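Raw target_12.pdb, PDB, C-alpha atoms:
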```pdb
ATOM      1  CA  MET A   1     -29.927  10.592 -25.367
ATOM      2  CA  VAL A   2     -27.969   8.500 -27.821
ATOM      3  CA  LYS A   3     -25.593   6.064 -26.200
ATOM      4  CA  VAL A   4     -21.866   6.651 -26.373
ATOM      5  CA  LYS A   5     -20.245   4.000 -28.485
ATOM      6  CA  SER A   6     -17.376   5.411 -30.480
ATOM      7  CA  LEU A   7     -14.599   7.868 -29.741
ATOM      8  CA  ALA A   8     -16.499  10.392 -31.870
ATOM      9  CA  ASP A   9     -19.536  10.071 -29.570
ATOM     10  CA  LEU A  10     -17.204  10.541 -26.645
ATOM     11  CA  LYS A  11     -15.832  13.747 -28.136
ATOM     12  CA  LYS A  12     -19.361  15.070 -28.536
ATOM     13  CA  ILE A  13     -20.223  14.332 -24.910
ATOM     14  CA  LYS A  14     -16.966  15.933 -23.874
ATOM     15  CA  SER A  15     -17.792  19.198 -25.629
ATOM     16  CA  GLU A  16     -21.265  19.211 -24.073
ATOM     17  CA  LEU A  17     -19.771  18.625 -20.650
ATOM     18  CA  GLN A  18     -17.168  21.289 -21.183
ATOM     19  CA  SER A  19     -19.699  24.001 -21.939
ATOM     20  CA  LYS A  20     -21.555  23.071 -18.744
ATOM     21  CA  MET A  21     -18.342  23.016 -16.751
ATOM     22  CA  GLU A  22     -17.419  26.497 -17.855
ATOM     23  CA  LEU A  23     -20.646  27.771 -16.286
ATOM     24  CA  ARG A  24     -19.992  25.885 -13.111
ATOM     25  CA  GLU A  25     -16.810  27.923 -12.627
ATOM     26  CA  LYS A  26     -13.546  26.167 -13.046
ATOM     27  CA  SER A  27     -12.555  24.407  -9.872
ATOM     28  CA  GLU A  28     -10.129  22.139 -11.609
ATOM     29  CA  ASN A  29      -7.215  22.594  -9.240
ATOM     30  CA  PRO A  30      -6.879  19.630  -6.895
ATOM     31  CA  GLU A  31      -6.470  21.809  -3.773
ATOM     32  CA  LYS A  32     -10.111  22.779  -4.054
ATOM     33  CA  SER A  33     -11.428  19.273  -4.661
ATOM     34  CA  VAL A  34     -12.206  16.624  -2.125
ATOM     35  CA  GLN A  35      -9.738  13.786  -2.573
ATOM     36  CA  VAL A  36     -10.697  10.224  -1.793
ATOM     37  CA  LYS A  37      -8.390   7.245  -1.970
ATOM     38  CA  VAL A  38      -9.967   3.807  -1.847
ATOM     39  CA  ALA A  39      -7.726   0.976  -0.614
ATOM     40  CA  MET A  40      -7.826  -1.631  -3.324
ATOM     41  CA  ALA A  41      -5.610  -4.572  -2.689
ATOM     42  CA  THR A  42      -6.923  -8.158  -2.596
ATOM     43  CA  CYS A  43      -8.406  -7.587   0.859
ATOM     44  CA  GLY A  44     -10.199  -4.395  -0.143
ATOM     45  CA  ILE A  45     -11.539  -5.730  -3.425
ATOM     46  CA  ALA A  46     -12.770  -8.936  -1.791
ATOM     47  CA  SER A  47     -14.701  -6.910   0.790
ATOM     48  CA  GLY A  48     -16.424  -4.719  -1.771
ATOM     49  CA  ALA A  49     -14.145  -1.719  -2.320
ATOM     50  CA  LYS A  50     -15.137  -1.495  -5.967
ATOM     51  CA  GLN A  51     -18.822  -1.026  -5.167
ATOM     52  CA  VAL A  52     -17.880   1.700  -2.713
ATOM     53  CA  MET A  53     -15.688   3.420  -5.279
ATOM     54  CA  ASP A  54     -18.434   3.235  -7.934
ATOM     55  CA  PHE A  55     -20.889   4.645  -5.413
ATOM     56  CA  LEU A  56     -18.584   7.524  -4.462
ATOM     57  CA  ILE A  57     -17.931   8.541  -8.070
ATOM     58  CA  GLU A  58     -21.632   8.367  -8.936
ATOM     59  CA  GLU A  59     -22.797  10.247  -5.878
ATOM     60  CA  PHE A  60     -20.160  12.985  -6.062
ATOM     61  CA  GLU A  61     -21.362  13.662  -9.562
ATOM     62  CA  LYS A  62     -25.057  13.560  -8.633
ATOM     63  CA  ARG A  63     -24.615  15.693  -5.543
ATOM     64  CA  GLY A  64     -22.416  18.213  -7.322
ATOM     65  CA  ILE A  65     -19.327  17.786  -5.171
ATOM     66  CA  GLU A  66     -16.041  18.393  -6.960
ATOM     67  CA  ALA A  67     -13.938  15.384  -6.069
ATOM     68  CA  ILE A  68     -11.124  13.212  -7.262
ATOM     69  CA  VAL A  69     -11.455   9.524  -6.474
ATOM     70  CA  THR A  70      -8.370   7.365  -6.829
ATOM     71  CA  GLN A  71      -7.243   3.990  -5.589
ATOM     72  CA  THR A  72      -4.374   2.979  -3.384
ATOM     73  CA  GLY A  73      -2.896  -0.258  -2.110
ATOM     74  CA  CYS A  74      -3.415  -2.046   1.162
ATOM     75  CA  MET A  75      -2.803   0.192   4.159
ATOM     76  CA  GLY A  76      -2.431  -2.763   6.489
ATOM     77  CA  TYR A  77      -5.976  -2.526   7.902
ATOM     78  CA  CYS A  78      -7.205  -5.653   6.156
ATOM     79  CA  TYR A  79      -9.561  -6.396   9.057
ATOM     80  CA  ALA A  80     -11.342  -3.083   8.518
ATOM     81  CA  GLU A  81     -11.722  -3.201   4.738
ATOM     82  CA  PRO A  82     -13.014  -1.502   2.729
ATOM     83  CA  THR A  83     -11.038   1.494   3.952
ATOM     84  CA  ILE A  84     -10.966   4.939   2.382
ATOM     85  CA  GLU A  85      -8.856   8.014   2.994
ATOM     86  CA  VAL A  86     -10.718  11.299   2.679
ATOM     87  CA  THR A  87      -8.948  14.631   2.317
ATOM     88  CA  VAL A  88     -11.227  17.637   2.523
ATOM     89  CA  PRO A  89      -9.494  20.802   1.275
ATOM     90  CA  GLY A  90      -7.664  22.531   4.111
ATOM     91  CA  LYS A  91      -7.978  19.568   6.491
ATOM     92  CA  ASP A  92      -5.772  16.635   7.391
ATOM     93  CA  PRO A  93      -6.545  13.333   5.678
ATOM     94  CA  LEU A  94      -8.775  10.925   7.607
ATOM     95  CA  VAL A  95      -8.956   7.164   7.186
ATOM     96  CA  PHE A  96     -12.335   5.471   7.591
ATOM     97  CA  GLY A  97     -12.763   1.724   8.022
ATOM     98  CA  TYR A  98     -15.637  -0.715   7.351
ATOM     99  CA  VAL A  99     -16.943   1.551   4.606
ATOM    100  CA  ASN A 100     -19.960   0.067   2.893
ATOM    101  CA  ILE A 101     -22.358   2.037   0.739
ATOM    102  CA  LYS A 102     -24.381   3.184   3.749
ATOM    103  CA  LYS A 103     -21.244   4.378   5.510
ATOM    104  CA  ALA A 104     -19.984   6.075   2.352
ATOM    105  CA  ASP A 105     -23.266   7.959   2.128
ATOM    106  CA  GLU A 106     -22.896   9.042   5.758
ATOM    107  CA  ILE A 107     -19.328  10.190   5.121
ATOM    108  CA  ILE A 108     -20.415  12.313   2.159
ATOM    109  CA  GLU A 109     -23.402  13.845   3.937
ATOM    110  CA  LYS A 110     -21.894  14.396   7.366
ATOM    111  CA  TYR A 111     -18.138  14.674   7.020
ATOM    112  CA  ILE A 112     -17.559  16.016   3.521
ATOM    113  CA  LYS A 113     -20.572  18.340   3.390
ATOM    114  CA  ASN A 114     -20.806  19.482   7.007
ATOM    115  CA  GLY A 115     -17.467  18.651   8.563
ATOM    116  CA  GLU A 116     -19.063  16.487  11.271
ATOM    117  CA  LEU A 117     -17.011  13.493  12.356
ATOM    118  CA  VAL A 118     -18.578  10.083  11.893
ATOM    119  CA  GLU A 119     -17.837   6.763  13.537
ATOM    120  CA  GLY A 120     -15.289   4.442  11.988
ATOM    121  CA  ILE A 121     -12.197   6.643  11.830
ATOM    122  CA  ILE A 122      -8.942   4.741  12.028
ATOM    123  CA  PRO A 123      -6.444   6.942  13.861
ATOM    124  CA  VAL A 124      -3.402   6.599  11.654
ATOM    125  CA  ASN A 125      -2.173  10.091  11.171
ATOM    126  CA  TYR A 126      -2.557  11.663  14.587
ATOM    127  CA  GLU A 127       0.204  13.914  15.831
ATOM    128  CA  THR A 128       1.635  13.918  19.309
ATOM    129  CA  ILE A 129       1.792  17.178  21.212
ATOM    130  CA  GLU A 130       5.504  16.961  21.896
ATOM    131  CA  LYS A 131       7.415  16.732  18.714
TER     132      LYS A 131
ATOM    133  CA  MET B 132     -13.435 -12.871  -5.691
ATOM    134  CA  LYS B 133     -16.958 -12.959  -7.033
ATOM    135  CA  ASP B 134     -16.129 -12.386 -10.671
ATOM    136  CA  LEU B 135     -13.312 -12.101 -13.170
ATOM    137  CA  SER B 136     -13.372  -8.319 -13.332
ATOM    138  CA  LEU B 137     -12.506  -8.177  -9.631
ATOM    139  CA  HIS B 138      -9.572 -10.514 -10.239
ATOM    140  CA  ILE B 139      -8.418  -8.184 -13.003
ATOM    141  CA  LEU B 140      -8.699  -5.177 -10.708
ATOM    142  CA  ASP B 141      -6.627  -7.059  -8.175
ATOM    143  CA  ILE B 142      -3.895  -8.467 -10.430
ATOM    144  CA  VAL B 143      -3.409  -5.139 -12.212
ATOM    145  CA  GLN B 144      -2.547  -3.730  -8.795
ATOM    146  CA  ASN B 145       0.601  -5.887  -8.926
ATOM    147  CA  SER B 146       1.543  -4.257 -12.232
ATOM    148  CA  ILE B 147       1.000  -0.801 -10.762
ATOM    149  CA  THR B 148       3.172  -1.671  -7.761
ATOM    150  CA  ALA B 149       5.852  -2.867 -10.200
ATOM    151  CA  ASN B 150       5.920   0.691 -11.627
ATOM    152  CA  ALA B 151       4.410  -0.253 -14.974
ATOM    153  CA  SER B 152       3.523   2.600 -17.325
ATOM    154  CA  PHE B 153       1.757   0.430 -19.884
ATOM    155  CA  ILE B 154      -0.646  -2.391 -19.042
ATOM    156  CA  GLU B 155      -2.437  -4.636 -21.512
ATOM    157  CA  ILE B 156      -5.476  -6.589 -20.430
ATOM    158  CA  SER B 157      -6.896  -9.035 -22.891
ATOM    159  CA  ILE B 158      -9.695 -11.562 -22.836
ATOM    160  CA  GLU B 159      -9.990 -14.054 -25.601
ATOM    161  CA  GLU B 160     -13.047 -16.252 -25.858
ATOM    162  CA  SER B 161     -12.998 -19.162 -28.198
ATOM    163  CA  HIS B 162     -16.190 -21.169 -28.357
ATOM    164  CA  LYS B 163     -14.593 -23.612 -30.755
ATOM    165  CA  ALA B 164     -11.691 -24.442 -28.453
ATOM    166  CA  ASN B 165     -13.933 -23.994 -25.387
ATOM    167  CA  LYS B 166     -11.373 -21.673 -23.807
ATOM    168  CA  TYR B 167     -11.594 -18.362 -22.020
ATOM    169  CA  ILE B 168      -8.158 -16.799 -21.729
ATOM    170  CA  LEU B 169      -7.274 -13.786 -19.610
ATOM    171  CA  LYS B 170      -3.907 -12.107 -20.105
ATOM    172  CA  ILE B 171      -2.468  -9.223 -18.138
ATOM    173  CA  LYS B 172       0.837  -7.917 -19.411
ATOM    174  CA  ASP B 173       2.861  -5.018 -18.048
ATOM    175  CA  ASN B 174       6.168  -3.277 -18.624
ATOM    176  CA  GLY B 175       6.962  -3.084 -14.910
ATOM    177  CA  LYS B 176      10.117  -4.153 -13.169
ATOM    178  CA  GLY B 177       9.484  -7.889 -13.514
ATOM    179  CA  MET B 178      10.533 -10.681 -11.182
ATOM    180  CA  SER B 179      13.425 -13.051 -10.822
ATOM    181  CA  PRO B 180      12.721 -16.631 -11.993
ATOM    182  CA  GLU B 181      12.776 -17.779  -8.345
ATOM    183  CA  MET B 182      10.166 -15.205  -7.334
ATOM    184  CA  ALA B 183       7.997 -15.957 -10.381
ATOM    185  CA  GLU B 184       7.967 -19.580  -9.305
ATOM    186  CA  LYS B 185       6.932 -18.775  -5.759
ATOM    187  CA  VAL B 186       4.312 -16.038  -6.203
ATOM    188  CA  THR B 187       1.372 -18.394  -6.340
ATOM    189  CA  ASP B 188       2.247 -19.461  -2.809
ATOM    190  CA  PRO B 189      -0.111 -17.501  -0.526
ATOM    191  CA  TYR B 190       2.692 -16.957   1.986
ATOM    192  CA  VAL B 191       4.888 -15.174  -0.532
ATOM    193  CA  THR B 192       4.473 -11.451  -1.060
ATOM    194  CA  SER B 193       6.748  -8.510  -1.767
ATOM    195  CA  ARG B 194       4.772  -6.197   0.441
ATOM    196  CA  THR B 195       5.707  -5.358   3.986
ATOM    197  CA  THR B 196       2.325  -4.372   5.439
ATOM    198  CA  ARG B 197       1.267  -7.987   5.844
ATOM    199  CA  LYS B 198       2.661 -11.469   5.376
ATOM    200  CA  VAL B 199       0.216 -12.982   2.920
ATOM    201  CA  GLY B 200      -0.417 -12.279  -0.739
ATOM    202  CA  LEU B 201      -3.587 -13.853  -2.070
ATOM    203  CA  GLY B 202      -4.121 -12.147  -5.431
ATOM    204  CA  LEU B 203      -2.388 -14.649  -7.706
ATOM    205  CA  PRO B 204      -3.159 -17.767  -5.622
ATOM    206  CA  LEU B 205      -6.892 -16.979  -5.765
ATOM    207  CA  LEU B 206      -6.797 -16.468  -9.522
ATOM    208  CA  LYS B 207      -4.853 -19.699  -9.943
ATOM    209  CA  MET B 208      -7.397 -21.563  -7.833
ATOM    210  CA  ASN B 209     -10.300 -20.232  -9.886
ATOM    211  CA  ALA B 210      -8.590 -21.094 -13.190
ATOM    212  CA  GLU B 211      -7.712 -24.604 -12.046
ATOM    213  CA  ARG B 212     -11.208 -25.186 -10.719
ATOM    214  CA  THR B 213     -12.484 -25.054 -14.288
ATOM    215  CA  GLY B 214      -9.764 -27.390 -15.527
ATOM    216  CA  GLY B 215      -7.560 -24.556 -16.762
ATOM    217  CA  GLN B 216      -4.267 -23.212 -15.494
ATOM    218  CA  LEU B 217      -2.276 -20.119 -14.585
ATOM    219  CA  GLU B 218       1.056 -19.213 -16.082
ATOM    220  CA  ILE B 219       3.415 -16.381 -15.175
ATOM    221  CA  ILE B 220       6.062 -15.192 -17.590
ATOM    222  CA  SER B 221       8.357 -12.583 -16.126
ATOM    223  CA  GLU B 222      11.691 -11.037 -16.863
ATOM    224  CA  GLU B 223      13.515  -8.658 -14.569
ATOM    225  CA  GLY B 224      13.601  -5.160 -16.009
ATOM    226  CA  LYS B 225      11.159  -6.044 -18.786
ATOM    227  CA  GLY B 226       7.837  -6.848 -17.239
ATOM    228  CA  THR B 227       5.441  -9.599 -16.346
ATOM    229  CA  GLU B 228       2.657 -11.426 -18.105
ATOM    230  CA  VAL B 229       0.008 -13.381 -16.259
ATOM    231  CA  VAL B 230      -2.039 -15.815 -18.325
ATOM    232  CA  ALA B 231      -5.083 -17.502 -16.830
ATOM    233  CA  VAL B 232      -6.810 -20.117 -18.916
ATOM    234  CA  PHE B 233     -10.383 -21.063 -18.050
ATOM    235  CA  ILE B 234     -12.554 -23.702 -19.642
ATOM    236  CA  LEU B 235     -15.383 -21.686 -21.168
ATOM    237  CA  ASN B 236     -18.352 -23.943 -20.550
ATOM    238  CA  ASN B 237     -17.265 -25.140 -17.124
ATOM    239  CA  ILE B 238     -19.810 -24.374 -14.430
ATOM    240  CA  ASP B 239     -17.060 -23.023 -12.156
ATOM    241  CA  ARG B 240     -15.873 -20.419 -14.641
ATOM    242  CA  LEU B 241     -16.491 -17.087 -13.004
ATOM    243  CA  PRO B 242     -18.756 -14.619 -14.758
ATOM    244  CA  LEU B 243     -16.987 -11.605 -16.199
ATOM    245  CA  GLY B 244     -18.741  -9.100 -13.961
ATOM    246  CA  ASP B 245     -18.554  -5.350 -14.368
ATOM    247  CA  ILE B 246     -15.519  -5.254 -16.646
ATOM    248  CA  ALA B 247     -16.345  -1.822 -18.071
ATOM    249  CA  GLY B 248     -16.431  -0.364 -14.565
ATOM    250  CA  THR B 249     -13.156  -2.072 -13.694
ATOM    251  CA  ILE B 250     -11.308  -0.813 -16.755
ATOM    252  CA  VAL B 251     -12.591   2.744 -16.417
ATOM    253  CA  LEU B 252     -11.843   2.685 -12.720
ATOM    254  CA  LEU B 253      -8.264   1.579 -13.343
ATOM    255  CA  ALA B 254      -7.776   4.167 -16.063
ATOM    256  CA  SER B 255      -9.214   7.002 -14.015
ATOM    257  CA  ALA B 256      -7.481   6.072 -10.767
ATOM    258  CA  ASN B 257      -4.119   5.838 -12.537
ATOM    259  CA  PRO B 258      -4.140   8.646 -15.089
ATOM    260  CA  THR B 259      -0.394   8.382 -15.726
ATOM    261  CA  ILE B 260      -0.593   4.718 -16.754
ATOM    262  CA  GLU B 261      -1.798   3.739 -20.221
ATOM    263  CA  PHE B 262      -4.176   0.778 -20.448
ATOM    264  CA  VAL B 263      -5.205  -1.270 -23.435
ATOM    265  CA  TYR B 264      -8.141  -3.602 -22.987
ATOM    266  CA  SER B 265      -8.950  -5.937 -25.803
ATOM    267  CA  HIS B 266     -11.782  -8.419 -25.883
ATOM    268  CA  ILE B 267     -11.937 -11.026 -28.601
ATOM    269  CA  VAL B 268     -14.912 -13.297 -29.214
ATOM    270  CA  ASP B 269     -14.195 -15.857 -31.921
ATOM    271  CA  GLY B 270     -12.224 -13.394 -34.006
ATOM    272  CA  GLU B 271     -14.479 -10.347 -33.404
ATOM    273  CA  ARG B 272     -12.639  -7.807 -31.314
ATOM    274  CA  TYR B 273     -13.076  -4.615 -29.373
ATOM    275  CA  ILE B 274     -10.098  -2.566 -28.217
ATOM    276  CA  PHE B 275     -10.249   0.162 -25.598
ATOM    277  CA  ASP B 276      -7.046   2.181 -25.556
ATOM    278  CA  THR B 277      -6.582   4.952 -22.990
ATOM    279  CA  ARG B 278      -4.159   6.741 -25.336
ATOM    280  CA  GLU B 279      -6.956   7.156 -27.896
ATOM    281  CA  VAL B 280      -9.482   8.039 -25.213
ATOM    282  CA  LYS B 281      -7.215  10.676 -23.700
ATOM    283  CA  GLU B 282      -6.691  12.186 -27.113
ATOM    284  CA  ALA B 283     -10.446  12.315 -27.704
ATOM    285  CA  LEU B 284     -11.015  13.846 -24.278
ATOM    286  CA  ASN B 285      -8.273  16.362 -24.904
ATOM    287  CA  GLU B 286      -8.235  18.869 -22.022
ATOM    288  CA  VAL B 287     -10.835  16.991 -19.966
ATOM    289  CA  SER B 288      -9.025  14.645 -17.625
ATOM    290  CA  ILE B 289      -9.774  10.922 -17.825
ATOM    291  CA  ASN B 290     -10.453  10.968 -14.079
ATOM    292  CA  ASP B 291     -13.111  13.648 -14.299
ATOM    293  CA  ILE B 292     -16.082  12.207 -12.402
ATOM    294  CA  HIS B 293     -18.485  13.513 -15.034
ATOM    295  CA  ILE B 294     -16.943  11.411 -17.803
ATOM    296  CA  PHE B 295     -16.881   8.118 -15.866
ATOM    297  CA  LYS B 296     -20.320   6.816 -16.808
ATOM    298  CA  TYR B 297     -19.874   7.633 -20.493
ATOM    299  CA  LEU B 298     -16.636   5.675 -20.712
ATOM    300  CA  LYS B 299     -18.371   2.741 -19.047
ATOM    301  CA  GLU B 300     -21.266   3.000 -21.454
ATOM    302  CA  MET B 301     -18.887   3.043 -24.415
ATOM    303  CA  ILE B 302     -17.199  -0.198 -23.354
ATOM    304  CA  ASN B 303     -20.489  -1.934 -22.528
ATOM    305  CA  GLU B 304     -22.054  -0.993 -25.858
ATOM    306  CA  ASN B 305     -19.104  -2.410 -27.770
ATOM    307  CA  LEU B 306     -18.919  -5.591 -25.709
ATOM    308  CA  ASP B 307     -22.616  -6.168 -26.387
ATOM    309  CA  GLU B 308     -21.955  -5.814 -30.077
ATOM    310  CA  ILE B 309     -19.261  -8.486 -30.185
ATOM    311  CA  LYS B 310     -21.493 -10.635 -27.917
ATOM    312  CA  ALA B 311     -18.980 -10.988 -25.120
ATOM    313  CA  THR B 312     -19.853 -13.722 -22.634
ATOM    314  CA  LYS B 313     -20.953 -12.070 -19.407
TER     315      LYS B 313
END
```
Please express the file's structure as structure tokens.
Amino acid sequence: MVKVKSLADLKKIKSELQSKMELREKSENPEKSVQVKVAMATCGIASGAKQVMDFLIEEFEKRGIEAIVTQTGCMGYCYAEPTIEVTVPGKDPLVFGYVNIKKADEIIEKYIKNGELVEGIIPVNYETIEK
Amino acid sequence: MKDLSLHILDIVQNSITANASFIEISIEESHKANKYILKIKDNGKGMSPEMAEKVTDPYVTSRTTRKVGLGLPLLKMNAERTGGQLEIISEEGKGTEVVAVFILNNIDRLPLGDIAGTIVLLASANPTIEFVYSHIVDGERYIFDTREVKEALNEVSINDIHIFKYLKEMINENLDEIKATK
């Protein structure tokens, strides 16, 4: 395939993608997508958050998972960076710490695909029984 | 930070926190003057002159989650290591500009790193913010403007995971053409 270089090339790719997307049924609404936030302050970036984010975007595309990957600031868990928050549709968000590429792969395969919990969850958003 | 693109990713975070809606990132390489200049300019809320003076102190930060702020001090250190310097121009209510000057041929000048990935990542993670990235090599320039890109993409969102690699490719191809120093 010819490499994308100009905005015109980009438009062409976009139309190609769009025709494919139509077939794949439109799951554009964010409630149906997996949402991942990667903590990207100085601490996160220095520990490799960008590689993790690149990996997530690439793999979601390859593995056909509809997802939105965004970045966020420091959540105060600098010791456990890189940290990511994963929200699977219909579930509460979960924060994972010490996420390298291997861990990210495990999170996709086990947690996002099968709903199994994996090690490394930082309990930040638990609720107490008595409110 | 291992490379300049990671510094950019980091410093732009300050602009985002300052509620900027427009962020300009520019790199100017001049082989004649032996300079490598990085500028990051935003239209965020800006800082008071006192704060602007203190921000390169690692123990000064506006955040409340922790007591240290290393983004600017680390960039300053890396610029000064090459014999360059860091300057911060800020006005409350108007925005902030960070200028880091590196000496181009100095052995301590960080490599640029994955700049295309960084720019696309910033643009896709912050779809409501407009970014302009310009790279100038001795007068030859390439400009990546998210306003143009969004127009070209039309109804496809800039943070669509399927478009990511093509945007990266587009930037890399153009940087190769102007022979940007890696």
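The closest residue to chain A, picked from B:Asn236, B:Asn174, B:Ser255, B:Thr277 and counting all atoms listed in the file, is B:Ser255.
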**Request:** With a distance threshold of 7 Å and counting all atoms listed in the file, extract the residues of chain B near chain A and express them as a list in words.
**Result:** Met132, Leu137, Asp141, Gln144, Thr196, Arg197, Leu201, Gly202, Ala256, Val280, Ala283, Leu284, Ile292, His293, Tyr297, Glu300, Met301, Glu304 and Asn305 of chain B
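CA of Tyr79 in chain A sits 24.9 Å away from CA of Ala149 in chain B.
Interatomic distance, CA of Gln35 in chain A to CA of Val88 in chain A: 6.6 Å.
The coordinates place CA of Pro89 in chain A at 11.5 Å from CA of Lys113 in chain A.
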Report as a PDB file with C-alpha atoms, in the frame of the given file the residues that result from applying the PyMOL selection byres ((chain B and resi 208-210) around 9) to the structure here.
```pdb
ATOM      1  CA  LEU B 203      -2.388 -14.649  -7.706  1.00  0.00           C
ATOM      2  CA  PRO B 204      -3.159 -17.767  -5.622  1.00  0.00           C
ATOM      3  CA  LEU B 205      -6.892 -16.979  -5.765  1.00  0.00           C
ATOM      4  CA  LEU B 206      -6.797 -16.468  -9.522  1.00  0.00           C
ATOM      5  CA  LYS B 207      -4.853 -19.699  -9.943  1.00  0.00           C
ATOM      6  CA  GLU B 211      -7.712 -24.604 -12.046  1.00  0.00           C
ATOM      7  CA  ARG B 212     -11.208 -25.186 -10.719  1.00  0.00           C
ATOM      8  CA  THR B 213     -12.484 -25.054 -14.288  1.00  0.00           C
ATOM      9  CA  GLY B 214      -9.764 -27.390 -15.527  1.00  0.00           C
ATOM     10  CA  GLY B 215      -7.560 -24.556 -16.762  1.00  0.00           C
ATOM     11  CA  GLN B 216      -4.267 -23.212 -15.494  1.00  0.00           C
ATOM     12  CA  LEU B 217      -2.276 -20.119 -14.585  1.00  0.00           C
ATOM     13  CA  ALA B 231      -5.083 -17.502 -16.830  1.00  0.00           C
ATOM     14  CA  VAL B 232      -6.810 -20.117 -18.916  1.00  0.00           C
ATOM     15  CA  PHE B 233     -10.383 -21.063 -18.050  1.00  0.00           C
ATOM     16  CA  ILE B 234     -12.554 -23.702 -19.642  1.00  0.00           C
ATOM     17  CA  ASP B 239     -17.060 -23.023 -12.156  1.00  0.00           C
ATOM     18  CA  ARG B 240     -15.873 -20.419 -14.641  1.00  0.00           C
ATOM     19  CA  LEU B 241     -16.491 -17.087 -13.004  1.00  0.00           C
TER      20      LEU B 241
END
```
**Message:** Suppose a student applies the PyMOL selection byres ((chain A and resi 107) around 10) to this structure; what residues should they get, written as a ChimeraX atom specification?
**Reply:** /A:56,86,96,99,101-106,108-120
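Within 10 Å of the point (2.0, -16.1, -1.4), and counting all atoms listed in the file, the protein, DNA and RNA residues are Lys185, Val186, Thr187, Asp188, Pro189, Tyr190, Val191, Thr192, Ser193, Lys198, Val199, Gly200, Leu201, Gly202, Leu203, Pro204 and Leu205 of chain B.
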Box along x, y and z, 4 Å on every side, all listed atoms of range 94-106 of chain A inside: centre and edge lengths in Å to one decimal, as AutoDock Vina command-line options.
```
--center_x -16.6 --center_y 5.1 --center_z 4.4 --size_x 23.6 --size_y 19.6 --size_z 15.3
```
**Message:** Residues within 12 Å of (-15.7, -12.6, -31.1), file coordinates, counting all atoms listed in the file: what are they? Give the list as a PyMOL selection string.
**Reply:** chain B and resi 158-163+167+265-274+305-312
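Nearest residue to Lys172 in chain B among B:Lys299, B:Lys225, B:Lys133, B:Arg278 is B:Lys225, counting all atoms listed in the file.
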